[in-house]
$ cat my_file-v8.csv   # CSV, C-alpha atoms
chain,number,residue,atom,x,y,z
S,30,MET,CA,10.5,163.5,107.6
S,31,ALA,CA,7.6,164.5,105.4
S,32,SER,CA,7.9,163.9,101.7
S,33,ILE,CA,7.1,166.7,99.3
S,34,SER,CA,3.8,166.8,97.7
S,35,PRO,CA,3.9,166.6,93.9
S,36,SER,CA,1.9,169.9,93.8
S,37,PHE,CA,3.8,173.2,94.1
S,38,ASP,CA,4.0,173.4,97.8
S,39,ASP,CA,6.8,175.5,99.2
S,40,PHE,CA,10.1,173.8,99.8
S,41,ALA,CA,10.9,172.9,103.4
S,42,ILE,CA,14.2,172.1,105.1
S,43,GLY,CA,14.4,168.4,105.8
S,44,SER,CA,11.9,167.5,103.1
S,45,ARG,CA,12.9,164.3,101.3
S,46,PHE,CA,12.3,163.3,97.7
S,47,LYS,CA,13.0,160.5,95.4
S,48,SER,CA,12.9,159.7,91.7
S,49,SER,CA,9.6,158.2,90.5
S,50,ARG,CA,11.4,155.7,88.2
S,51,GLU,CA,14.7,154.1,87.4
S,52,ILE,CA,16.7,155.1,84.3
S,53,GLN,CA,18.6,152.2,82.7
S,54,ILE,CA,21.9,153.0,81.0
S,55,SER,CA,22.8,151.2,77.8
S,56,ALA,CA,26.2,150.6,76.3
S,57,GLU,CA,25.1,152.6,73.3
S,58,GLN,CA,24.2,155.6,75.5
S,59,ILE,CA,27.5,155.4,77.3
S,60,LYS,CA,29.4,155.4,74.1
S,61,SER,CA,27.3,158.1,72.4
S,62,PHE,CA,27.7,160.5,75.4
S,63,ALA,CA,31.4,159.8,75.6
S,64,ALA,CA,32.0,160.3,71.9
S,65,GLU,CA,30.6,163.8,72.2
S,66,PHE,CA,31.8,164.9,75.6
S,67,ASP,CA,34.4,162.6,77.2
S,68,PRO,CA,36.1,160.5,74.5
S,69,GLN,CA,38.4,158.3,76.6
S,70,PRO,CA,39.0,154.6,76.0
S,71,LEU,CA,37.4,153.5,79.3
S,72,HIS,CA,34.0,155.0,78.1
S,73,LEU,CA,34.2,154.1,74.4
S,74,ASP,CA,36.1,150.9,73.7
S,75,ASP,CA,35.2,147.5,75.2
S,76,GLU,CA,38.6,146.0,74.6
S,77,ALA,CA,40.6,148.9,76.0
S,78,ALA,CA,38.2,149.0,79.0
S,79,ARG,CA,38.7,145.4,79.7
S,80,LEU,CA,42.4,146.0,80.1
S,81,VAL,CA,41.7,148.0,83.2
S,82,SER,CA,38.3,146.7,84.3
S,83,ALA,CA,36.8,143.2,83.9
S,84,GLY,CA,33.3,144.7,83.6
S,85,GLY,CA,34.0,146.6,80.3
S,86,ILE,CA,33.2,150.2,79.6
S,87,ILE,CA,32.0,152.5,82.3
S,88,ALA,CA,29.9,155.7,81.9
S,89,SER,CA,31.5,159.1,81.9
S,90,GLY,CA,31.0,160.7,85.3
S,91,TRP,CA,29.4,163.6,83.4
S,92,HIS,CA,26.9,161.2,81.9
S,93,THR,CA,25.9,160.0,85.4
S,94,ALA,CA,25.7,163.6,86.5
S,95,ALA,CA,23.4,164.5,83.6
S,96,VAL,CA,21.2,161.5,84.4
S,97,SER,CA,21.0,162.7,88.0
S,98,MET,CA,19.5,165.9,86.7
S,99,ARG,CA,16.8,163.9,84.9
S,100,LEU,CA,16.1,161.9,88.0
S,101,ILE,CA,15.7,165.1,90.0
S,102,LEU,CA,13.2,166.4,87.5
S,103,ASP,CA,11.4,163.0,87.6
S,104,SER,CA,11.2,163.2,91.4
S,105,ASP,CA,8.6,164.7,93.7
S,106,LEU,CA,10.8,167.8,94.2
S,107,PRO,CA,8.7,170.4,92.4
S,108,LEU,CA,11.5,172.0,90.5
S,109,THR,CA,10.6,171.8,86.8
S,110,GLY,CA,10.2,175.3,85.3
S,111,ARG,CA,10.8,177.0,88.7
S,112,GLY,CA,14.5,176.8,89.3
S,113,VAL,CA,17.8,177.9,87.8
S,114,GLY,CA,21.0,176.0,88.9
S,115,MET,CA,23.5,178.3,90.5
S,116,ALA,CA,26.2,175.9,91.8
S,117,VAL,CA,27.1,172.4,92.9
S,118,GLU,CA,28.9,172.5,96.2
S,119,SER,CA,30.4,169.1,96.0
S,120,MET,CA,29.9,166.1,93.8
S,121,HIS,CA,31.6,162.7,94.3
S,122,TRP,CA,31.6,159.7,92.0
S,123,ARG,CA,31.5,156.7,94.3
S,124,THR,CA,31.1,153.6,92.0
S,125,PRO,CA,31.4,153.3,88.3
S,126,VAL,CA,28.2,153.0,86.2
S,127,ARG,CA,28.1,150.2,83.7
S,128,ALA,CA,25.9,149.2,80.8
S,129,GLY,CA,22.7,147.8,82.1
S,130,ASP,CA,22.7,149.6,85.4
S,131,ARG,CA,19.4,151.0,86.5
S,132,LEU,CA,19.8,154.3,88.4
S,133,ARG,CA,17.5,156.0,90.9
S,134,LEU,CA,17.9,159.0,93.2
S,135,GLU,CA,17.1,160.1,96.7
S,136,GLY,CA,17.5,163.6,98.1
S,137,THR,CA,16.9,165.9,101.0
S,138,VAL,CA,16.4,169.7,101.1
S,139,THR,CA,19.1,171.0,103.5
S,140,GLU,CA,18.9,174.8,103.4
S,141,ILE,CA,16.5,177.5,102.3
S,142,ARG,CA,17.3,181.2,102.4
S,143,PRO,CA,15.7,184.3,101.0
S,144,THR,CA,17.4,186.3,98.2
S,145,ARG,CA,18.4,189.8,99.0
S,146,SER,CA,16.9,191.2,95.8
S,147,HIS,CA,13.5,189.6,95.4
S,148,ALA,CA,11.0,188.4,98.0
S,149,ALA,CA,9.4,185.8,95.8
S,150,ARG,CA,12.7,184.0,95.2
S,151,GLU,CA,14.6,181.7,97.4
S,152,ILE,CA,17.9,179.9,97.2
S,153,ILE,CA,17.6,176.2,98.1
S,154,LYS,CA,20.2,173.6,98.7
S,155,PHE,CA,19.5,170.0,98.4
S,156,HIS,CA,21.7,166.9,98.7
S,157,VAL,CA,21.1,164.0,96.3
S,158,THR,CA,22.5,160.4,96.0
S,159,VAL,CA,22.2,158.3,92.9
S,160,TYR,CA,22.0,154.6,93.5
S,161,ASN,CA,22.4,151.7,91.1
S,162,HIS,CA,20.1,148.6,91.1
S,163,GLN,CA,22.3,146.9,93.6
S,164,ASP,CA,21.8,149.9,96.0
S,165,ALA,CA,25.4,151.1,95.7
S,166,ALA,CA,25.7,154.8,95.8
S,167,VAL,CA,27.3,155.9,92.4
S,168,LEU,CA,27.2,159.7,92.8
S,169,ASP,CA,26.3,162.2,95.4
S,170,ALA,CA,26.1,166.0,95.2
S,171,THR,CA,24.9,169.1,96.9
S,172,HIS,CA,23.0,171.5,94.5
S,173,VAL,CA,22.3,175.2,95.0
S,174,VAL,CA,19.3,176.4,93.0
S,175,LEU,CA,17.5,179.7,92.7
S,176,VAL,CA,13.8,179.0,92.8
S,177,ALA,CA,10.6,181.1,92.3
S,178,ARG,CA,8.1,180.7,95.1
S,179,ARG,CA,4.8,179.1,94.3
S,180,GLY,CA,2.7,181.5,92.3
S,181,ALA,CA,5.6,183.9,91.7
S,182,ALA,CA,6.6,185.4,88.4
S,183,PRO,CA,9.1,183.4,86.3
S,184,LEU,CA,12.8,184.0,86.9
S,185,ILE,CA,13.6,186.9,84.7
S,186,ASP,CA,17.1,188.2,85.8
S,187,LEU,CA,19.0,185.9,83.5
S,188,LYS,CA,21.8,187.8,81.8
X,16,MET,CA,53.8,180.0,85.0
X,17,ALA,CA,55.0,177.3,82.7
X,18,SER,CA,52.4,175.7,80.4
X,19,ILE,CA,52.2,172.0,80.3
X,20,SER,CA,53.9,170.2,77.4
X,21,PRO,CA,51.5,168.1,75.3
X,22,SER,CA,53.7,165.1,76.0
X,23,PHE,CA,53.0,163.1,79.2
X,24,ASP,CA,55.2,165.1,81.5
X,25,ASP,CA,54.3,164.9,85.1
X,26,PHE,CA,51.8,167.3,86.4
X,27,ALA,CA,53.1,170.3,88.4
X,28,ILE,CA,51.3,172.6,90.8
X,29,GLY,CA,50.8,176.0,89.2
X,30,SER,CA,50.9,174.6,85.6
X,31,ARG,CA,48.3,176.3,83.4
X,32,PHE,CA,46.5,174.8,80.5
X,33,LYS,CA,43.9,175.8,78.0
X,34,SER,CA,41.7,174.3,75.4
X,35,SER,CA,43.2,174.0,71.9
X,36,ARG,CA,39.9,175.0,70.2
X,37,GLU,CA,36.5,176.5,70.8
X,38,ILE,CA,33.3,174.4,70.8
X,39,GLN,CA,30.3,176.1,69.3
X,40,ILE,CA,26.9,175.2,70.8
X,41,SER,CA,23.9,175.0,68.5
X,42,ALA,CA,20.2,175.4,69.3
X,43,GLU,CA,19.7,171.8,68.2
X,44,GLN,CA,22.4,170.5,70.6
X,45,ILE,CA,20.9,172.5,73.4
X,46,LYS,CA,17.5,171.0,72.8
X,47,SER,CA,18.7,167.5,72.2
X,48,PHE,CA,20.7,167.4,75.4
X,49,ALA,CA,17.8,168.9,77.4
X,50,ALA,CA,15.3,166.5,75.9
X,51,GLU,CA,17.3,163.6,77.3
X,52,PHE,CA,18.7,165.0,80.6
X,53,ASP,CA,17.1,168.3,81.6
X,54,PRO,CA,13.6,168.7,79.9
X,55,GLN,CA,12.6,172.2,81.2
X,56,PRO,CA,11.0,174.9,79.0
X,57,LEU,CA,14.0,177.3,79.3
X,58,HIS,CA,16.2,174.7,77.5
X,59,LEU,CA,13.6,173.3,75.0
X,60,ASP,CA,11.1,175.8,73.9
X,61,ASP,CA,11.9,179.1,72.2
X,62,GLU,CA,8.5,180.7,73.0
X,63,ALA,CA,8.5,179.7,76.7
X,64,ALA,CA,12.1,180.8,77.0
X,65,ARG,CA,11.4,184.2,75.6
X,66,LEU,CA,8.8,184.8,78.4
X,67,VAL,CA,11.7,184.9,80.8
X,68,SER,CA,14.7,185.7,78.7
X,69,ALA,CA,14.9,187.9,75.6
X,70,GLY,CA,17.7,185.8,74.2
X,71,GLY,CA,15.7,182.6,73.8
X,72,ILE,CA,16.6,179.1,75.1
X,73,ILE,CA,19.7,178.6,77.3
X,74,ALA,CA,21.7,175.5,77.6
X,75,SER,CA,21.3,173.1,80.5
X,76,GLY,CA,24.0,173.8,83.0
X,77,TRP,CA,24.8,170.0,82.8
X,78,HIS,CA,25.3,170.4,79.0
X,79,THR,CA,27.9,173.2,79.7
X,80,ALA,CA,29.5,171.0,82.3
X,81,ALA,CA,29.8,168.1,79.8
X,82,VAL,CA,31.3,170.5,77.2
X,83,SER,CA,33.8,171.6,79.9
X,84,MET,CA,35.0,167.9,80.1
X,85,ARG,CA,35.5,167.9,76.4
X,86,LEU,CA,37.4,171.1,76.5
X,87,ILE,CA,39.7,169.7,79.2
X,88,LEU,CA,40.4,166.7,77.1
X,89,ASP,CA,41.1,169.0,74.1
X,90,SER,CA,43.6,171.0,76.3
X,91,ASP,CA,47.3,170.6,76.9
X,92,LEU,CA,46.6,168.9,80.3
X,93,PRO,CA,47.7,165.4,79.5
X,94,LEU,CA,44.7,163.6,81.0
X,95,THR,CA,43.2,161.4,78.3
X,96,GLY,CA,43.4,157.8,79.3
X,97,ARG,CA,45.3,158.5,82.5
X,98,GLY,CA,42.7,159.9,84.9
X,99,VAL,CA,39.5,158.8,86.7
X,100,GLY,CA,37.3,161.6,88.1
X,101,MET,CA,36.8,161.3,91.8
X,102,ALA,CA,35.0,164.6,92.6
X,103,VAL,CA,34.1,168.1,91.8
X,104,GLU,CA,34.7,170.3,94.8
X,105,SER,CA,32.7,173.2,93.6
X,106,MET,CA,31.1,174.2,90.3
X,107,HIS,CA,29.4,177.6,89.6
X,108,TRP,CA,27.3,178.5,86.6
X,109,ARG,CA,28.1,182.2,86.0
X,110,THR,CA,26.4,183.2,82.8
X,111,PRO,CA,23.8,181.4,80.6
X,112,VAL,CA,25.1,179.6,77.5
X,113,ARG,CA,23.0,180.4,74.4
X,114,ALA,CA,22.8,179.0,70.9
X,115,GLY,CA,25.7,180.2,68.8
X,116,ASP,CA,28.0,180.7,71.8
X,117,ARG,CA,31.6,179.5,71.3
X,118,LEU,CA,33.2,178.1,74.4
X,119,ARG,CA,36.8,177.7,75.5
X,120,LEU,CA,38.5,176.7,78.7
X,121,GLU,CA,41.5,177.8,80.9
X,122,GLY,CA,42.7,175.9,83.9
X,123,THR,CA,45.4,175.7,86.6
X,124,VAL,CA,46.7,172.7,88.5
X,125,THR,CA,46.3,173.6,92.2
X,126,GLU,CA,47.3,170.6,94.2
X,127,ILE,CA,49.1,167.2,93.7
X,128,ARG,CA,49.3,164.6,96.4
X,129,PRO,CA,50.4,161.0,96.5
X,130,THR,CA,47.9,158.3,97.1
X,131,ARG,CA,48.3,156.1,100.2
X,132,SER,CA,47.9,152.9,98.3
X,133,HIS,CA,49.9,153.2,95.1
X,134,ALA,CA,53.2,155.0,94.5
X,135,ALA,CA,52.5,155.4,90.7
X,136,ARG,CA,49.3,157.3,91.3
X,137,GLU,CA,48.6,160.8,92.4
X,138,ILE,CA,45.5,162.8,93.2
X,139,ILE,CA,45.5,166.1,91.3
X,140,LYS,CA,43.2,169.0,91.7
X,141,PHE,CA,42.7,171.6,89.0
X,142,HIS,CA,40.5,174.6,88.6
X,143,VAL,CA,38.9,175.4,85.3
X,144,THR,CA,37.0,178.3,83.9
X,145,VAL,CA,34.9,178.1,80.7
X,146,TYR,CA,34.5,181.4,78.8
X,147,ASN,CA,32.2,182.3,76.0
X,148,HIS,CA,33.3,184.2,72.8
X,149,GLN,CA,32.6,187.5,74.6
X,150,ASP,CA,35.1,186.4,77.3
X,151,ALA,CA,32.4,186.1,80.0
X,152,ALA,CA,33.0,183.3,82.4
X,153,VAL,CA,30.1,180.9,82.1
X,154,LEU,CA,31.2,178.1,84.4
X,155,ASP,CA,34.0,177.4,86.8
X,156,ALA,CA,34.8,174.3,88.8
X,157,THR,CA,37.5,172.5,90.8
X,158,HIS,CA,38.1,168.9,89.8
X,159,VAL,CA,39.7,166.1,91.8
X,160,VAL,CA,41.1,163.4,89.6
X,161,LEU,CA,43.1,160.2,90.3
X,162,VAL,CA,45.9,160.0,87.7
X,163,ALA,CA,48.5,157.4,86.8
X,164,ARG,CA,52.0,158.8,86.6
X,165,ARG,CA,53.8,158.8,83.3
X,166,GLY,CA,54.7,155.2,82.4
X,167,ALA,CA,52.7,153.7,85.2
X,168,ALA,CA,50.3,150.8,84.7
X,169,PRO,CA,46.7,151.8,83.9
X,170,LEU,CA,44.3,152.5,86.7
X,171,ILE,CA,42.9,149.0,87.7
X,172,ASP,CA,41.2,149.4,91.0
X,173,LEU,CA,37.8,150.4,89.6
X,174,LYS,CA,35.1,148.5,91.4

$ encode --input "my_file-v8.csv" --output "structure tokens"
Amino acid sequence: MASISPSFDDFAIGSRFKSSREIQISAEQIKSFAAEFDPQPLHLDDEAARLVSAGGIIASGWHTAAVSMRLILDSDLPLTGRGVGMAVESMHWRTPVRAGDRLRLEGTVTEIRPTRSHAAREIIKFHVTVYNHQDAAVLDATHVVLVARRGAAPLIDLK
Amino acid sequence: MASISPSFDDFAIGSRFKSSREIQISAEQIKSFAAEFDPQPLHLDDEAARLVSAGGIIASGWHTAAVSMRLILDSDLPLTGRGVGMAVESMHWRTPVRAGDRLRLEGTVTEIRPTRSHAAREIIKFHVTVYNHQDAAVLDATHVVLVARRGAAPLIDLK
């Protein structure tokens, strides 16, 4: 399938995209995110984590999910400034993310449909998979995003 | 329906839970999260955000999702240290979160099923809704979590 141009071409069903870089996750980042949003021993404390997992602390799944958003914006899907997330239809955590892991993302546009209210807006669905540097899938998800067509006015119906 | 005791009672279908406090979201937190994970103008730049929304910047949906995890851990659902997130079956962003909003959470356990491999573990599903201080739903989601029963050994089959 054709990959998406980095210019603001329209989205097409079947278009594939991937992140332009890897993001490496450090132990400090895992602990900092967890301290704020997911303060559980497995994400915060090396000794506690080793009781259940030889590899030490693992990242909060919500940390991995947040990194997936950054990888989407760093991909050739032309989303930045054009989209507002509406929903995630399903998201699975497949493999724990550990300190030192380098994450990348691949995705496919699976659906595009017009909105009822506004001709210059579309609802797109795309499926993404985040891989670690050993090519194991760590997270996958299907996103539903309201996007403005190329050249359309910004999205203005936020409440 | 009965609320869940803050002790480690077993989970029950229909049990309801709620966060024990509100979390207030500041403009600095919105920008800091967005700079790391979701660097789009609507989350970062007051002037750019005002072009599309009179209320100024809005939080990344992934920021709100991360806060929802913190609110779950701060609730009377006895999850801390006992669960590993497997999936989110659906998550909808209903209303933008703005600087100064105070968020709280309510949830219900919707399903409990045994695991095939381990008698002391269960898979539970629960639905949560995050509300702002004006009682508007800002996010809802259904979580699927592998939990260790009360008194069981920690979860040790992480890869």

$ closest_residue --input "my_file-v8.csv" --among "S:Ala170, S:Phe66, S:Ser97, S:Gly84" --to "Val103 (chain X)" --atoms "only C-alpha atoms"
S:Ala170

$ interface_residues --input "my_file-v8.csv" --of "chain X" --to "chain S" --cutoff "9 Å" --atoms "only C-alpha atoms" --output "VMD selection string"
chain X and resid 51 to 57 66 to 68 70 75 to 78 80 to 86 88 95 to 96 99 to 111 156 169 to 174

$ calpha_fit_and_write --input "my_file-v8.csv" --fixed "chain X" --moving "chain S" --output "short mmCIF file (atom, residue, chain, number, x, y, z; two decimals) with C-alpha atoms, keeping the file's coordinate frame"
data_model
loop_
_atom_site.label_atom_id
_atom_site.label_comp_id
_atom_site.auth_asym_id
_atom_site.auth_seq_id
_atom_site.Cartn_x
_atom_site.Cartn_y
_atom_site.Cartn_z
CA MET S 30 53.75 180.01 85.05
CA ALA S 31 54.92 177.31 82.69
CA SER S 32 52.37 175.70 80.44
CA ILE S 33 52.19 171.93 80.26
CA SER S 34 53.83 170.20 77.47
CA PRO S 35 51.46 168.17 75.29
CA SER S 36 53.68 165.08 75.97
CA PHE S 37 53.11 163.09 79.17
CA ASP S 38 55.19 165.13 81.48
CA ASP S 39 54.31 164.91 85.14
CA PHE S 40 51.72 167.32 86.44
CA ALA S 41 53.03 170.29 88.40
CA ILE S 42 51.30 172.64 90.84
CA GLY S 43 50.74 175.98 89.20
CA SER S 44 50.89 174.57 85.68
CA ARG S 45 48.34 176.25 83.41
CA PHE S 46 46.46 174.81 80.46
CA LYS S 47 43.94 175.82 77.96
CA SER S 48 41.65 174.27 75.37
CA SER S 49 43.17 174.02 71.87
CA ARG S 50 39.87 175.04 70.20
CA GLU S 51 36.48 176.55 70.77
CA ILE S 52 33.32 174.41 70.80
CA GLN S 53 30.26 176.17 69.34
CA ILE S 54 26.87 175.28 70.81
CA SER S 55 23.88 175.02 68.51
CA ALA S 56 20.22 175.37 69.33
CA GLU S 57 19.75 171.82 68.16
CA GLN S 58 22.41 170.55 70.60
CA ILE S 59 20.87 172.48 73.44
CA LYS S 60 17.50 171.03 72.78
CA SER S 61 18.72 167.47 72.16
CA PHE S 62 20.71 167.42 75.46
CA ALA S 63 17.81 168.90 77.36
CA ALA S 64 15.26 166.49 75.93
CA GLU S 65 17.30 163.61 77.31
CA PHE S 66 18.62 164.99 80.56
CA ASP S 67 17.04 168.30 81.65
CA PRO S 68 13.66 168.74 79.93
CA GLN S 69 12.63 172.19 81.18
CA PRO S 70 11.00 174.88 79.05
CA LEU S 71 13.95 177.30 79.31
CA HIS S 72 16.21 174.68 77.50
CA LEU S 73 13.67 173.28 75.03
CA ASP S 74 11.07 175.80 73.90
CA ASP S 75 11.91 179.14 72.23
CA GLU S 76 8.58 180.71 73.03
CA ALA S 77 8.50 179.69 76.68
CA ALA S 78 12.15 180.83 77.00
CA ARG S 79 11.38 184.17 75.60
CA LEU S 80 8.88 184.74 78.36
CA VAL S 81 11.70 184.83 80.84
CA SER S 82 14.70 185.74 78.69
CA ALA S 83 14.85 187.91 75.54
CA GLY S 84 17.72 185.80 74.18
CA GLY S 85 15.65 182.54 73.85
CA ILE S 86 16.65 179.14 75.08
CA ILE S 87 19.69 178.64 77.22
CA ALA S 88 21.79 175.44 77.61
CA SER S 89 21.30 173.13 80.53
CA GLY S 90 24.05 173.75 83.07
CA TRP S 91 24.81 170.02 82.74
CA HIS S 92 25.33 170.48 79.03
CA THR S 93 27.91 173.23 79.70
CA ALA S 94 29.51 171.01 82.29
CA ALA S 95 29.78 168.11 79.83
CA VAL S 96 31.30 170.44 77.24
CA SER S 97 33.84 171.55 79.83
CA MET S 98 34.95 167.96 80.07
CA ARG S 99 35.54 167.88 76.31
CA LEU S 100 37.47 171.10 76.47
CA ILE S 101 39.67 169.67 79.21
CA LEU S 102 40.42 166.65 77.09
CA ASP S 103 41.12 168.97 74.10
CA SER S 104 43.57 170.98 76.23
CA ASP S 105 47.27 170.57 76.85
CA LEU S 106 46.55 168.92 80.23
CA PRO S 107 47.69 165.37 79.49
CA LEU S 108 44.74 163.63 81.02
CA THR S 109 43.21 161.44 78.30
CA GLY S 110 43.41 157.74 79.26
CA ARG S 111 45.33 158.51 82.50
CA GLY S 112 42.77 159.83 84.91
CA VAL S 113 39.56 158.82 86.66
CA GLY S 114 37.31 161.66 88.06
CA MET S 115 36.82 161.33 91.77
CA ALA S 116 34.97 164.56 92.70
CA VAL S 117 34.15 168.14 91.81
CA GLU S 118 34.72 170.38 94.78
CA SER S 119 32.69 173.26 93.58
CA MET S 120 31.11 174.22 90.31
CA HIS S 121 29.34 177.54 89.62
CA TRP S 122 27.32 178.56 86.59
CA ARG S 123 28.09 182.22 86.07
CA THR S 124 26.36 183.23 82.75
CA PRO S 125 23.87 181.37 80.68
CA VAL S 126 25.05 179.69 77.44
CA ARG S 127 23.03 180.40 74.36
CA ALA S 128 22.81 179.02 70.85
CA GLY S 129 25.75 180.16 68.88
CA ASP S 130 28.10 180.67 71.77
CA ARG S 131 31.62 179.49 71.24
CA LEU S 132 33.16 178.10 74.46
CA ARG S 133 36.79 177.72 75.49
CA LEU S 134 38.50 176.79 78.75
CA GLU S 135 41.44 177.79 80.88
CA GLY S 136 42.72 175.95 83.93
CA THR S 137 45.41 175.70 86.54
CA VAL S 138 46.70 172.67 88.50
CA THR S 139 46.31 173.64 92.20
CA GLU S 140 47.24 170.57 94.23
CA ILE S 141 49.05 167.28 93.77
CA ARG S 142 49.31 164.62 96.45
CA PRO S 143 50.40 161.03 96.52
CA THR S 144 47.87 158.20 97.12
CA ARG S 145 48.34 156.15 100.19
CA SER S 146 47.92 152.86 98.33
CA HIS S 147 49.97 153.13 95.17
CA ALA S 148 53.18 155.04 94.45
CA ALA S 149 52.55 155.44 90.76
CA ARG S 150 49.24 157.23 91.33
CA GLU S 151 48.56 160.73 92.34
CA ILE S 152 45.48 162.75 93.14
CA ILE S 153 45.43 166.10 91.31
CA LYS S 154 43.19 169.06 91.67
CA PHE S 155 42.76 171.55 89.00
CA HIS S 156 40.55 174.64 88.67
CA VAL S 157 38.96 175.38 85.29
CA THR S 158 36.90 178.33 83.85
CA VAL S 159 34.84 178.11 80.72
CA TYR S 160 34.53 181.31 78.79
CA ASN S 161 32.16 182.28 76.00
CA HIS S 162 33.26 184.20 72.84
CA GLN S 163 32.65 187.47 74.55
CA ASP S 164 35.12 186.40 77.34
CA ALA S 165 32.42 186.08 80.00
CA ALA S 166 33.06 183.31 82.38
CA VAL S 167 30.05 180.82 82.06
CA LEU S 168 31.21 178.05 84.44
CA ASP S 169 33.99 177.41 86.81
CA ALA S 170 34.87 174.27 88.79
CA THR S 171 37.49 172.57 90.83
CA HIS S 172 38.07 168.88 89.76
CA VAL S 173 39.73 166.12 91.78
CA VAL S 174 41.14 163.35 89.58
CA LEU S 175 43.09 160.20 90.27
CA VAL S 176 45.86 159.99 87.73
CA ALA S 177 48.52 157.35 86.78
CA ARG S 178 52.02 158.74 86.63
CA ARG S 179 53.76 158.81 83.31
CA GLY S 180 54.73 155.30 82.34
CA ALA S 181 52.66 153.71 85.11
CA ALA S 182 50.26 150.84 84.73
CA PRO S 183 46.64 151.73 83.87
CA LEU S 184 44.26 152.42 86.74
CA ILE S 185 42.98 149.05 87.67
CA ASP S 186 41.20 149.44 91.11
CA LEU S 187 37.86 150.32 89.61
CA LYS S 188 35.10 148.46 91.42
#

$ atom_distance --input "my_file-v8.csv" --atom1 "CA of Val162 (chain X)" --atom2 "CA of Arg131 (chain S)"
28.0 Å

$ atom_distance --input "my_file-v8.csv" --atom1 "CA of Arg45 (chain S)" --atom2 "CA of Asp164 (chain S)"
17.7 Å

$ residues_near_point --input "my_file-v8.csv" --point "(20.3, 149.7, 94.3)" --cutoff "10 Å" --atoms "only C-alpha atoms" --output "mmCIF file with C-alpha atoms, in the coordinates of the input"
data_model
loop_
_atom_site.group_PDB
_atom_site.id
_atom_site.type_symbol
_atom_site.label_atom_id
_atom_site.label_comp_id
_atom_site.auth_asym_id
_atom_site.auth_seq_id
_atom_site.Cartn_x
_atom_site.Cartn_y
_atom_site.Cartn_z
ATOM 1 C CA GLU S 51 14.700 154.100 87.400
ATOM 2 C CA ASP S 130 22.700 149.600 85.400
ATOM 3 C CA ARG S 131 19.400 151.000 86.500
ATOM 4 C CA LEU S 132 19.800 154.300 88.400
ATOM 5 C CA ARG S 133 17.500 156.000 90.900
ATOM 6 C CA LEU S 134 17.900 159.000 93.200
ATOM 7 C CA VAL S 159 22.200 158.300 92.900
ATOM 8 C CA TYR S 160 22.000 154.600 93.500
ATOM 9 C CA ASN S 161 22.400 151.700 91.100
ATOM 10 C CA HIS S 162 20.100 148.600 91.100
ATOM 11 C CA GLN S 163 22.300 146.900 93.600
ATOM 12 C CA ASP S 164 21.800 149.900 96.000
ATOM 13 C CA ALA S 165 25.400 151.100 95.700
ATOM 14 C CA ALA S 166 25.700 154.800 95.800
ATOM 15 C CA VAL S 167 27.300 155.900 92.400
#

$ atom_distance --input "my_file-v8.csv" --atom1 "CA of Ala114 (chain X)" --atom2 "CA of Arg36 (chain X)"
17.6 Å

$ closest_residue --input "my_file-v8.csv" --among "X:Ile28, X:Ile40, X:Ile72, X:Ala163" --to "His133 (chain X)" --atoms "all atoms listed in the file"
X:Ala163

$ closest_residue --input "my_file-v8.csv" --among "X:Gly29, X:Ile138, X:Arg113, X:Ser90" --to "Gln44 (chain X)" --atoms "only C-alpha atoms"
X:Arg113

$ residues_near_point --input "my_file-v8.csv" --point "(15.2, 167.7, 104.2)" --cutoff "8 Å" --atoms "all atoms listed in the file" --output "ChimeraX atom specification"
/S:30,41-45,136-139,155

$ closest_residue --input "my_file-v8.csv" --among "S:Ser55, S:Gly129, S:Glu135, S:Leu175" --to "Glu151 (chain S)" --atoms "all atoms listed in the file"
S:Leu175

$ decode --input "my_file-v8.csv" --residues "region 92-116 of chain X" --atoms "C-alpha atoms" --output "PDB file, in the first residue's frame"
ATOM      1  CA  LEU X  92     -11.299  -0.210  44.203  1.00  0.00           C
ATOM      2  CA  PRO X  93      -8.528  -2.231  45.891  1.00  0.00           C
ATOM      3  CA  LEU X  94      -6.258  -2.400  42.854  1.00  0.00           C
ATOM      4  CA  THR X  95      -2.895  -0.962  43.904  1.00  0.00           C
ATOM      5  CA  GLY X  96      -0.181  -3.612  43.684  1.00  0.00           C
ATOM      6  CA  ARG X  97      -2.660  -6.334  42.710  1.00  0.00           C
ATOM      7  CA  GLY X  98      -3.419  -5.694  39.059  1.00  0.00           C
ATOM      8  CA  VAL X  99      -1.777  -5.560  35.661  1.00  0.00           C
ATOM      9  CA  GLY X 100      -3.646  -3.742  32.899  1.00  0.00           C
ATOM     10  CA  MET X 101      -4.351  -5.971  29.907  1.00  0.00           C
ATOM     11  CA  ALA X 102      -6.562  -3.799  27.721  1.00  0.00           C
ATOM     12  CA  VAL X 103      -8.978  -0.928  27.400  1.00  0.00           C
ATOM     13  CA  GLU X 104     -12.051  -2.014  25.488  1.00  0.00           C
ATOM     14  CA  SER X 105     -13.242   1.459  24.650  1.00  0.00           C
ATOM     15  CA  MET X 106     -12.382   4.951  25.742  1.00  0.00           C
ATOM     16  CA  HIS X 107     -14.260   8.105  24.735  1.00  0.00           C
ATOM     17  CA  TRP X 108     -13.263  11.703  25.272  1.00  0.00           C
ATOM     18  CA  ARG X 109     -16.528  13.539  25.901  1.00  0.00           C
ATOM     19  CA  THR X 110     -15.646  17.089  26.916  1.00  0.00           C
ATOM     20  CA  PRO X 111     -12.303  18.926  26.762  1.00  0.00           C
ATOM     21  CA  VAL X 112     -10.378  19.353  30.029  1.00  0.00           C
ATOM     22  CA  ARG X 113      -9.207  22.903  30.670  1.00  0.00           C
ATOM     23  CA  ALA X 114      -6.779  24.529  33.093  1.00  0.00           C
ATOM     24  CA  GLY X 115      -8.363  24.748  36.522  1.00  0.00           C
ATOM     25  CA  ASP X 116     -10.720  21.820  36.018  1.00  0.00           C
TER      26      ASP X 116
END
